[in-house]
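One structure below.
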Amino acid sequence: MPSSFQGLIAKEFERNKLLYKDCLGEALEEYAKLLLSENKKYNLTRITTPEDIVNKHFIDSILGFEKFLENRSSKNNFHIMDVGSGAGFPGIPLLLYDQICKDNQLIDKMDLLDSNTKKTEFLGLIKPKVARRVDRDLIKIHNSRLENLVLRESPPNLYVSRATGKISNVLSFFEQFIKKNLNDIEVKEGGICLLYY
């Protein structure tokens, strides 16, 4: 029987016209419980009421990406980097939603980037739980600032940044990252995108 928290998730997903499956509600509840239990140790979020976690963390994370998809003509798959991921927003809700609820799964990989070591330690705790829920490990965690990060493999084609400060700063750091990592790489069809919300 679904818990009251899962019922809240289902109700808010329906209200926002998002797809929903019970196994997504279970995964998001497990995520929320870990977030709240580790919040004292890691100082992950000030958002702690069930309603706010569902609306300000889960739904906001997913809606920004869904609006982005509505305005794209090509439906190529994404290797996403969540810049300034913190406690995993928007990256983890996006990945869970895509892998569990979407028929045509669009996310191939999810890189979570944060310069705060305690937050990347928390991401390390949630990573195996997500892998178990989606039956594969799609997450890579980077403890670095964007402008200092040097990738050892092919770069993501979509960068998402949510609630990370001034857009001018994000663009400046993104430009430094591109110069370091993308100058000599041929960009695939669809190019490189930055989604800031």
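Naming scheme: A, B, ... for chains in displayed order of the structure tokens; residues 1 onward per chain; ligands 1 onward as shown.
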Can you list, as a VMD selection string, every protein, DNA or RNA residue that comes within 10 Å of Ser3 of chain A when you count only C-alpha atoms, leaving out same-chain residues fewer than 2 positions away? chain A and resid 1 5 to 9 25 to 26 29
How would the residues just chosen look if you wrote them out with N, CA, C and O atoms as a PDB file, in the first residue's frame?
```pdb
ATOM      1  N   MET A   1       0.852  -1.193   0.000  1.00  0.00           N
ATOM      2  CA  MET A   1       0.000   0.000   0.000  1.00  0.00           C
ATOM      3  C   MET A   1       0.892   1.249   0.000  1.00  0.00           C
ATOM      4  O   MET A   1       1.798   1.358   0.815  1.00  0.00           O
ATOM      5  N   PHE A   5       3.291   9.849   1.748  1.00  0.00           N
ATOM      6  CA  PHE A   5       4.240  10.635   0.954  1.00  0.00           C
ATOM      7  C   PHE A   5       4.135  10.265  -0.525  1.00  0.00           C
ATOM      8  O   PHE A   5       4.130  11.132  -1.388  1.00  0.00           O
ATOM      9  N   GLN A   6       4.018   8.971  -0.812  1.00  0.00           N
ATOM     10  CA  GLN A   6       3.835   8.545  -2.200  1.00  0.00           C
ATOM     11  C   GLN A   6       2.514   9.062  -2.761  1.00  0.00           C
ATOM     12  O   GLN A   6       2.437   9.438  -3.934  1.00  0.00           O
ATOM     13  N   GLY A   7       1.493   9.101  -1.911  1.00  0.00           N
ATOM     14  CA  GLY A   7       0.213   9.665  -2.349  1.00  0.00           C
ATOM     15  C   GLY A   7       0.346  11.131  -2.713  1.00  0.00           C
ATOM     16  O   GLY A   7      -0.229  11.600  -3.704  1.00  0.00           O
ATOM     17  N   LEU A   8       1.120  11.870  -1.916  1.00  0.00           N
ATOM     18  CA  LEU A   8       1.376  13.280  -2.207  1.00  0.00           C
ATOM     19  C   LEU A   8       2.124  13.427  -3.535  1.00  0.00           C
ATOM     20  O   LEU A   8       1.781  14.283  -4.361  1.00  0.00           O
ATOM     21  N   ILE A   9       3.122  12.595  -3.749  1.00  0.00           N
ATOM     22  CA  ILE A   9       3.877  12.632  -5.014  1.00  0.00           C
ATOM     23  C   ILE A   9       2.932  12.380  -6.185  1.00  0.00           C
ATOM     24  O   ILE A   9       2.920  13.130  -7.165  1.00  0.00           O
ATOM     25  N   GLY A  25       7.281   6.645  -7.303  1.00  0.00           N
ATOM     26  CA  GLY A  25       6.948   7.139  -5.968  1.00  0.00           C
ATOM     27  C   GLY A  25       7.794   6.469  -4.896  1.00  0.00           C
ATOM     28  O   GLY A  25       8.289   7.125  -3.978  1.00  0.00           O
ATOM     29  N   GLU A  26       8.009   5.161  -5.023  1.00  0.00           N
ATOM     30  CA  GLU A  26       8.853   4.427  -4.067  1.00  0.00           C
ATOM     31  C   GLU A  26      10.295   4.935  -4.114  1.00  0.00           C
ATOM     32  O   GLU A  26      10.926   5.130  -3.075  1.00  0.00           O
ATOM     33  N   GLU A  29      10.492   8.456  -2.632  1.00  0.00           N
ATOM     34  CA  GLU A  29      10.356   8.416  -1.176  1.00  0.00           C
ATOM     35  C   GLU A  29      11.665   7.951  -0.531  1.00  0.00           C
ATOM     36  O   GLU A  29      12.106   8.519   0.481  1.00  0.00           O
TER      37      GLU A  29
END
```
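Proximity to Leu63 of chain A at 12 Å, evaluated using only C-alpha atoms and with sequence-adjacent residues fewer than 4 positions away removed, yields Glu12, Phe13, Asn16, Lys17, Leu18, Leu19, Asn55, Lys56, His57, Phe58, Ile59, Lys67, Phe68, Leu69, Glu70, Pro90, Pro93, Leu94, Tyr97, Asp98, Arg162, Leu195 and Tyr197 of chain A.
Residues lying within 9 Å of segment 73-78 of chain A, counting only C-alpha atoms and ignoring same-chain neighbours fewer than 3 positions away, are A:Leu69, A:Glu70, A:Gln105, A:Leu106, A:Ile107, A:Asp108, A:Lys109, A:Met110, A:Pro156, A:Asn157, A:Leu158, A:Glu189, A:Gly190.
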Can you list every residue in segment 10-106 of chain A that DSSP puts in strand (DSSP E), as a list in words? Phe78, His79, Ile80, Met81, Asp82 and Val83 of chain A
Output file for the residues above (N, CA, C and O atoms, as a compact mmCIF listing (two decimals), in the first residue's frame):
```txt
# COMPACT_ATOMS: atom_id res chain seq x y z
N PHE A 78 20.55 12.02 -24.42
CA PHE A 78 21.36 12.98 -23.71
C PHE A 78 22.32 12.31 -22.74
O PHE A 78 21.96 11.39 -22.02
N HIS A 79 23.53 12.83 -22.74
CA HIS A 79 24.48 12.62 -21.66
C HIS A 79 24.46 13.96 -20.93
O HIS A 79 24.89 14.97 -21.47
N ILE A 80 23.91 13.96 -19.72
CA ILE A 80 23.67 15.20 -18.99
C ILE A 80 24.70 15.41 -17.90
O ILE A 80 25.10 14.46 -17.24
N MET A 81 25.12 16.67 -17.73
CA MET A 81 25.88 17.04 -16.55
C MET A 81 25.05 18.02 -15.74
O MET A 81 24.64 19.06 -16.24
N ASP A 82 24.79 17.65 -14.49
CA ASP A 82 24.09 18.51 -13.54
C ASP A 82 25.15 19.35 -12.84
O ASP A 82 25.91 18.84 -12.02
N VAL A 83 25.22 20.63 -13.19
CA VAL A 83 26.25 21.54 -12.68
C VAL A 83 25.77 22.16 -11.37
O VAL A 83 24.72 22.81 -11.33
```
All alpha helix (DSSP H) residues (DSSP, backbone) inside chain A, as number ranges by chain: A: 4-15, 22-42, 50-52, 60-70, 91-101, 117-134, 167-181
Could you give me, as a tab-separated table, a per-residue list for segment 97-190 of chain A showing, wherever an atom lies at most 10 Å from an atom of segment 30-40 of chain A, the closest pair of atoms and their distance in Å to one decimal, using only C-alpha atoms and sorting by chain then residue number from low to high?
```
residue	atom	partner	partner_atom	distance
A:Lys119	CA	A:Asn39	CA	9.8
A:Phe122	CA	A:Glu38	CA	7.6
A:Leu123	CA	A:Leu35	CA	9.8
A:Leu125	CA	A:Leu34	CA	8.5
A:Ile126	CA	A:Tyr31	CA	7.1
A:Lys129	CA	A:Tyr31	CA	8.3
A:Val130	CA	A:Tyr31	CA	8.6
```
9 Å contact set for Asn148 of chain A, only C-alpha atoms, chain neighbours under 5 positions out, as a VMD selection string: chain A and resid 173 176 to 177 180
Quick one: write out the picked residues with N, CA, C and O atoms as a short mmCIF file (atom, residue, chain, number, x, y, z; two decimals), in the first residue's frame?
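Output file out21.cif follows:
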```cif
data_model
loop_
_atom_site.label_atom_id
_atom_site.label_comp_id
_atom_site.auth_asym_id
_atom_site.auth_seq_id
_atom_site.Cartn_x
_atom_site.Cartn_y
_atom_site.Cartn_z
N PHE A 173 31.76 30.43 -16.15
CA PHE A 173 32.37 29.15 -15.79
C PHE A 173 32.20 28.13 -16.91
O PHE A 173 33.10 27.34 -17.19
N GLN A 176 34.74 28.73 -19.65
CA GLN A 176 36.05 28.21 -19.27
C GLN A 176 36.10 26.69 -19.41
O GLN A 176 37.10 26.12 -19.88
N PHE A 177 35.03 26.03 -19.01
CA PHE A 177 34.93 24.58 -19.12
C PHE A 177 35.00 24.15 -20.59
O PHE A 177 35.71 23.20 -20.93
N LYS A 180 38.45 24.31 -22.05
CA LYS A 180 39.30 23.26 -21.51
C LYS A 180 38.97 21.88 -22.07
O LYS A 180 39.84 21.03 -22.20
#
```
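Separating atom CA of Tyr42 of chain A from atom CA of Thr164 of chain A is a distance of 17.8 Å.
Between atom CA of Asp111 of chain A and atom CA of Ser61 of chain A the separation is 15.2 Å.
Distances to Leu149 of chain A were evaluated for A:Asn116, A:Thr49, A:Asn71, A:Asn181 using only C-alpha atoms, and the minimum falls at A:Asn181.
Distances to Ser154 of chain A were evaluated for A:Asn43, A:Leu182, A:Leu28, A:Asn169 using only C-alpha atoms, and the minimum falls at A:Leu182.
If only C-alpha atoms are the atoms counted, then among A:Ala10, A:Leu112, A:Ile192, A:Leu151 the closest residue to Val54 of chain A is A:Ala10.
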Would you pick out the contacts of Ser144 of chain A at 10 Å or less, using only C-alpha atoms, so that residues sharing its chain but fewer than 6 positions from it are not included, and give the list as a ChimeraX atom specification? /A:83-84,113-117,120,150
Gap from atom CA of Gly86 of chain A to atom CA of Ile141 of chain A - Å, one decimal: 11.1 Å
